[in-house]
Protein chains: 2
Amino acid sequence: MSTDGAAASERTRVRRGAHRAVYDRADLLDVLGAGLVAHVGVLTDDGPLVLPMAYGHDHHRIYLHGAAGNGLLRAAIGAQVCVTVTLVDGLVIARTPFHDSMNHRSVVVRGLAEEVLGSERQSALRAITDHVVANWDTGRPPHAAELRRTLVVSVPLDEMSGKVRTGDPGDETHDLTGPHWAGTVPLRRQWGTPQPSEDLEEGIGPPAAVQALGGRILR
Amino acid sequence: MSTDGAAASERTRVRRGAHRAVYDRADLLDVLGAGLVAHVGVLTDDGPLVLPMAYGHDHHRIYLHGAAGNGLLRAAIGAQVCVTVTLVDGLVIARTPFHDSMNHRSVVVRGLAEEVLGSERQSALRAITDHVVANWDTGRPPHAAELRRTLVVSVPLDEMSGKVRTGDPGDETHDLTGPHWAGTVPLRRQWGTPQPSEDLEEGIGPPAAVQALGGRILR
């Protein structure tokens, strides 16, 4: 991973495990591309709130959506938020628990959330819908009423950083000749076969992109 | 899922998709037991910050740890935090993007974070270490210096709620006879075979619990 610093700001500089920091924009976008959900943090009157949300991005902004009255998104608009995407790739089991870890990739985006309005709404919703598997164009287009009931929010991808851990545990030298095992346990994530809805009429097959997901191992 | 409300407070009552809300303590602990990482949200001078962290729990408190100088944990101590655990179980592809969703399980814990001190530190670190696979007792016990370099924080499991979505998309009645496919794509997560560290001496096999992980499908 290169570390050109292009996408980092002081508040997204990685403090802990700095040797695992990722600042290269292409690498960060790779992680955002591979993730399934974002954990979105906002400040509410009751303290911080973190909820999982679907997301999409267009290389410049990350997009979130919800019902028009979604409390977290309402609190996000015009405020500083944090959007974090994490992929767990495996367990790291060291000779001593102090060095246990997880292999993982994560990206943290911090910035001012804005409501997405006008024509950008359609492309933002498309980005969210198509994020994991493209199905915007193969479904029934949204009704105007559905669009009105949907709140879309974006955060600029200007301040972000990531962390990537791969490989073996980093044990102490004095433990290397000890009796304890050390290694990793990879986590494999794989899409199963698409399952038709119980209320689906006969003779309708899944769109090609959805069909192609079946059996695919997630990277 | 039962909804006895025992673990919910006003600020953890589920607002959106309330029919998917989970408040039963045993159900919430099941989700915490199945999760791999928590997304921990704190308020910093720069706005909310959300980072992924390993965790453990003892049914009463959820435990987090990090380096003694860990900025997020330092900000958490004595403050309100949010700890969110999410498992993605599959994609829900509706006849129209408006009803696309993900099958998932999530738990949100909100509360006052406290530093864990004294004898509780050891049991907290054990709970974190043993959360995914028990390996505290099969590794080299921590040195006093390692314990001093570790910060342990807990949040009470008093205010929490969850959300569980399973099954088919919830399409509009007028779309059921349309031409569009609807269904789900399950996500399978499976542990691979434990891989010995490159610096592991010959003849040391993994602990039985780690060995038994290999090939296991995560629930």
# chains A, B, ... in the order shown; residues from 1 in each chain; ligands from 1
call {"tool": "interface_residues", "arguments": {"of": "chain A", "to": "chain B", "cutoff": "6 Å", "atoms": "only C-alpha atoms", "output": "PDB file with N, CA and C atoms, in the first residue's frame"}}
result
ATOM      1  N   VAL A  42     -22.981   9.647  14.197  1.00  0.00           N
ATOM      2  CA  VAL A  42     -23.402  11.038  14.327  1.00  0.00           C
ATOM      3  C   VAL A  42     -23.510  11.363  15.813  1.00  0.00           C
ATOM      4  N   GLY A  47     -25.857  11.562  22.885  1.00  0.00           N
ATOM      5  CA  GLY A  47     -24.509  11.035  22.698  1.00  0.00           C
ATOM      6  C   GLY A  47     -24.329  10.488  21.301  1.00  0.00           C
ATOM      7  N   PRO A  48     -23.158   9.921  21.044  1.00  0.00           N
ATOM      8  CA  PRO A  48     -22.903   9.399  19.697  1.00  0.00           C
ATOM      9  C   PRO A  48     -23.844   8.234  19.383  1.00  0.00           C
ATOM     10  N   LEU A  49     -24.212   8.126  18.131  1.00  0.00           N
ATOM     11  CA  LEU A  49     -25.035   7.007  17.655  1.00  0.00           C
ATOM     12  C   LEU A  49     -24.373   6.445  16.406  1.00  0.00           C
ATOM     13  N   GLN A  80     -20.902  17.265  11.372  1.00  0.00           N
ATOM     14  CA  GLN A  80     -19.759  16.386  11.167  1.00  0.00           C
ATOM     15  C   GLN A  80     -20.170  14.953  11.446  1.00  0.00           C
ATOM     16  N   VAL A  81     -19.790  14.064  10.552  1.00  0.00           N
ATOM     17  CA  VAL A  81     -20.103  12.651  10.734  1.00  0.00           C
ATOM     18  C   VAL A  81     -18.861  11.816  10.458  1.00  0.00           C
ATOM     19  N   CYS A  82     -18.951  10.560  10.808  1.00  0.00           N
ATOM     20  CA  CYS A  82     -17.878   9.613  10.519  1.00  0.00           C
ATOM     21  C   CYS A  82     -18.503   8.391   9.870  1.00  0.00           C
ATOM     22  N   ARG A  95       1.335 -16.053  19.834  1.00  0.00           N
ATOM     23  CA  ARG A  95       1.761 -16.946  20.913  1.00  0.00           C
ATOM     24  C   ARG A  95       1.259 -16.448  22.266  1.00  0.00           C
ATOM     25  N   THR A  96       0.898 -15.185  22.323  1.00  0.00           N
ATOM     26  CA  THR A  96       0.346 -14.615  23.548  1.00  0.00           C
ATOM     27  C   THR A  96      -0.783 -13.660  23.165  1.00  0.00           C
ATOM     28  N   GLY A 139     -34.548  -3.329 -12.359  1.00  0.00           N
ATOM     29  CA  GLY A 139     -35.752  -3.301 -11.537  1.00  0.00           C
ATOM     30  C   GLY A 139     -36.760  -2.296 -12.088  1.00  0.00           C
ATOM     31  N   ARG A 140     -37.891  -2.231 -11.402  1.00  0.00           N
ATOM     32  CA  ARG A 140     -38.904  -1.216 -11.759  1.00  0.00           C
ATOM     33  C   ARG A 140     -38.391   0.143 -11.272  1.00  0.00           C
ATOM     34  N   ASP A 168       1.056 -12.700   9.205  1.00  0.00           N
ATOM     35  CA  ASP A 168       1.269 -13.425  10.457  1.00  0.00           C
ATOM     36  C   ASP A 168       1.249 -12.505  11.679  1.00  0.00           C
ATOM     37  N   HIS A 180       4.233 -22.333  22.065  1.00  0.00           N
ATOM     38  CA  HIS A 180       2.880 -21.946  21.667  1.00  0.00           C
ATOM     39  C   HIS A 180       2.728 -21.793  20.156  1.00  0.00           C
ATOM     40  N   TRP A 181       1.564 -22.188  19.679  1.00  0.00           N
ATOM     41  CA  TRP A 181       1.243 -22.069  18.262  1.00  0.00           C
ATOM     42  C   TRP A 181       1.007 -20.606  17.892  1.00  0.00           C
ATOM     43  N   ALA A 182       1.266 -20.269  16.661  1.00  0.00           N
ATOM     44  CA  ALA A 182       0.955 -18.937  16.139  1.00  0.00           C
ATOM     45  C   ALA A 182       0.559 -19.089  14.682  1.00  0.00           C
ATOM     46  N   GLY A 183      -0.409 -18.299  14.265  1.00  0.00           N
ATOM     47  CA  GLY A 183      -0.818 -18.370  12.868  1.00  0.00           C
ATOM     48  C   GLY A 183      -2.071 -17.544  12.616  1.00  0.00           C
ATOM     49  N   THR A 184      -2.689 -17.816  11.499  1.00  0.00           N
ATOM     50  CA  THR A 184      -3.881 -17.068  11.109  1.00  0.00           C
ATOM     51  C   THR A 184      -4.994 -18.048  10.731  1.00  0.00           C
ATOM     52  N   VAL A 185      -6.214 -17.569  10.839  1.00  0.00           N
ATOM     53  CA  VAL A 185      -7.365 -18.338  10.366  1.00  0.00           C
ATOM     54  C   VAL A 185      -8.123 -17.432   9.397  1.00  0.00           C
ATOM     55  N   PRO A 186      -8.020 -17.726   8.104  1.00  0.00           N
ATOM     56  CA  PRO A 186      -8.681 -16.849   7.126  1.00  0.00           C
ATOM     57  C   PRO A 186     -10.204 -16.942   7.224  1.00  0.00           C
ATOM     58  N   LEU A 187     -10.857 -15.837   6.932  1.00  0.00           N
ATOM     59  CA  LEU A 187     -12.321 -15.811   6.883  1.00  0.00           C
ATOM     60  C   LEU A 187     -12.737 -15.681   5.421  1.00  0.00           C
ATOM     61  N   ARG A 188     -13.511 -16.641   4.958  1.00  0.00           N
ATOM     62  CA  ARG A 188     -13.964 -16.595   3.576  1.00  0.00           C
ATOM     63  C   ARG A 188     -15.425 -16.172   3.541  1.00  0.00           C
ATOM     64  N   ARG A 189     -15.715 -15.215   2.672  1.00  0.00           N
ATOM     65  CA  ARG A 189     -17.099 -14.762   2.498  1.00  0.00           C
ATOM     66  C   ARG A 189     -17.516 -15.080   1.065  1.00  0.00           C
ATOM     67  N   GLN A 190     -18.651 -15.717   0.938  1.00  0.00           N
ATOM     68  CA  GLN A 190     -19.080 -16.179  -0.385  1.00  0.00           C
ATOM     69  C   GLN A 190     -20.586 -15.994  -0.543  1.00  0.00           C
ATOM     70  N   TRP A 191     -20.974 -15.474  -1.700  1.00  0.00           N
ATOM     71  CA  TRP A 191     -22.407 -15.362  -2.002  1.00  0.00           C
ATOM     72  C   TRP A 191     -22.964 -16.725  -2.335  1.00  0.00           C
ATOM     73  N   GLY A 192     -24.125 -17.033  -1.798  1.00  0.00           N
ATOM     74  CA  GLY A 192     -24.824 -18.269  -2.146  1.00  0.00           C
ATOM     75  C   GLY A 192     -25.634 -18.088  -3.418  1.00  0.00           C
ATOM     76  N   PRO A 194     -28.678 -17.291  -5.676  1.00  0.00           N
ATOM     77  CA  PRO A 194     -29.863 -16.428  -5.521  1.00  0.00           C
ATOM     78  C   PRO A 194     -31.136 -17.250  -5.323  1.00  0.00           C
ATOM     79  N   GLN A 195     -31.918 -16.852  -4.316  1.00  0.00           N
ATOM     80  CA  GLN A 195     -33.141 -17.570  -3.951  1.00  0.00           C
ATOM     81  C   GLN A 195     -34.349 -16.732  -4.352  1.00  0.00           C
ATOM     82  N   PRO A 196     -35.184 -17.239  -5.262  1.00  0.00           N
ATOM     83  CA  PRO A 196     -36.361 -16.450  -5.658  1.00  0.00           C
ATOM     84  C   PRO A 196     -37.307 -16.231  -4.480  1.00  0.00           C
ATOM     85  N   SER A 197     -37.934 -15.075  -4.480  1.00  0.00           N
ATOM     86  CA  SER A 197     -38.928 -14.740  -3.473  1.00  0.00           C
ATOM     87  C   SER A 197     -40.105 -15.713  -3.564  1.00  0.00           C
ATOM     88  N   ILE A 204     -39.735 -16.205 -14.138  1.00  0.00           N
ATOM     89  CA  ILE A 204     -38.927 -14.988 -14.069  1.00  0.00           C
ATOM     90  C   ILE A 204     -37.590 -15.332 -13.427  1.00  0.00           C
ATOM     91  N   PRO A 206     -33.472 -14.428 -12.329  1.00  0.00           N
ATOM     92  CA  PRO A 206     -32.755 -13.251 -11.816  1.00  0.00           C
ATOM     93  C   PRO A 206     -32.002 -12.532 -12.934  1.00  0.00           C
TER      94      PRO A 206
END
call {"tool": "select_by_dssp", "arguments": {"residues": "segment 117-181 of chain B", "states": "alpha helix (DSSP H)", "output": "VMD selection string"}}
result
chain B and resid 120 to 129 144 to 148
call {"tool": "closest_residue", "arguments": {"among": "B:Leu117, B:Ala34, B:Leu151, B:Ala144", "to": "Ala76 of chain B", "atoms": "only C-alpha atoms"}}
result
B:Leu151
call {"tool": "atom_distance", "arguments": {"atom1": "atom CA of Tyr23 of chain A", "atom2": "atom CA of Pro156 of chain A"}}
result
15.4 Å
call {"tool": "atom_distance", "arguments": {"atom1": "atom CA of Ala212 of chain A", "atom2": "atom CA of Thr173 of chain B"}}
result
27.7 Å
call {"tool": "atom_distance", "arguments": {"atom1": "atom CA of Val153 of chain A", "atom2": "atom CA of Ala124 of chain A"}}
result
8.7 Å
call {"tool": "decode", "arguments": {"residues": "segment 68-82 of chain B", "atoms": "N, CA and C atoms", "output": "JSON list (two decimals), in the first residue's frame"}}
result
[["chain", "number", "residue", "atom", "x", "y", "z"],
["B", 68, "ALA", "N", -2.32, 1.70, 25.51],
["B", 68, "ALA", "CA", -2.57, 2.62, 26.62],
["B", 68, "ALA", "C", -2.89, 4.04, 26.12],
["B", 69, "GLY", "N", -2.32, 4.41, 24.98],
["B", 69, "GLY", "CA", -2.56, 5.76, 24.46],
["B", 69, "GLY", "C", -3.63, 5.84, 23.38],
["B", 70, "ASN", "N", -4.37, 4.77, 23.20],
["B", 70, "ASN", "CA", -5.40, 4.74, 22.15],
["B", 70, "ASN", "C", -6.36, 5.93, 22.25],
["B", 71, "GLY", "N", -6.37, 6.75, 21.23],
["B", 71, "GLY", "CA", -7.12, 8.00, 21.27],
["B", 71, "GLY", "C", -8.61, 7.81, 21.41],
["B", 72, "LEU", "N", -9.16, 6.85, 20.69],
["B", 72, "LEU", "CA", -10.60, 6.63, 20.78],
["B", 72, "LEU", "C", -10.98, 6.17, 22.18],
["B", 73, "LEU", "N", -10.23, 5.22, 22.73],
["B", 73, "LEU", "CA", -10.59, 4.73, 24.06],
["B", 73, "LEU", "C", -10.37, 5.82, 25.11],
["B", 74, "ARG", "N", -9.31, 6.63, 24.93],
["B", 74, "ARG", "CA", -9.08, 7.75, 25.86],
["B", 74, "ARG", "C", -10.27, 8.72, 25.83],
["B", 75, "ALA", "N", -10.78, 8.96, 24.63],
["B", 75, "ALA", "CA", -11.94, 9.86, 24.50],
["B", 75, "ALA", "C", -13.20, 9.22, 25.06],
["B", 76, "ALA", "N", -13.23, 7.89, 25.06],
["B", 76, "ALA", "CA", -14.44, 7.19, 25.50],
["B", 76, "ALA", "C", -14.61, 7.22, 27.01],
["B", 77, "ILE", "N", -13.49, 7.13, 27.74],
["B", 77, "ILE", "CA", -13.57, 6.99, 29.20],
["B", 77, "ILE", "C", -14.32, 8.16, 29.83],
["B", 78, "GLY", "N", -15.35, 7.86, 30.55],
["B", 78, "GLY", "CA", -16.15, 8.89, 31.21],
["B", 78, "GLY", "C", -17.13, 9.60, 30.30],
["B", 79, "ALA", "N", -17.26, 9.09, 29.10],
["B", 79, "ALA", "CA", -18.14, 9.75, 28.12],
["B", 79, "ALA", "C", -19.20, 8.76, 27.62],
["B", 80, "GLN", "N", -20.23, 9.31, 26.99],
["B", 80, "GLN", "CA", -21.23, 8.49, 26.33],
["B", 80, "GLN", "C", -20.65, 7.95, 25.03],
["B", 81, "VAL", "N", -20.84, 6.66, 24.80],
["B", 81, "VAL", "CA", -20.35, 6.03, 23.58],
["B", 81, "VAL", "C", -21.45, 5.16, 22.99],
["B", 82, "CYS", "N", -21.21, 4.73, 21.77],
["B", 82, "CYS", "CA", -22.13, 3.81, 21.10],
["B", 82, "CYS", "C", -21.30, 2.67, 20.54]]
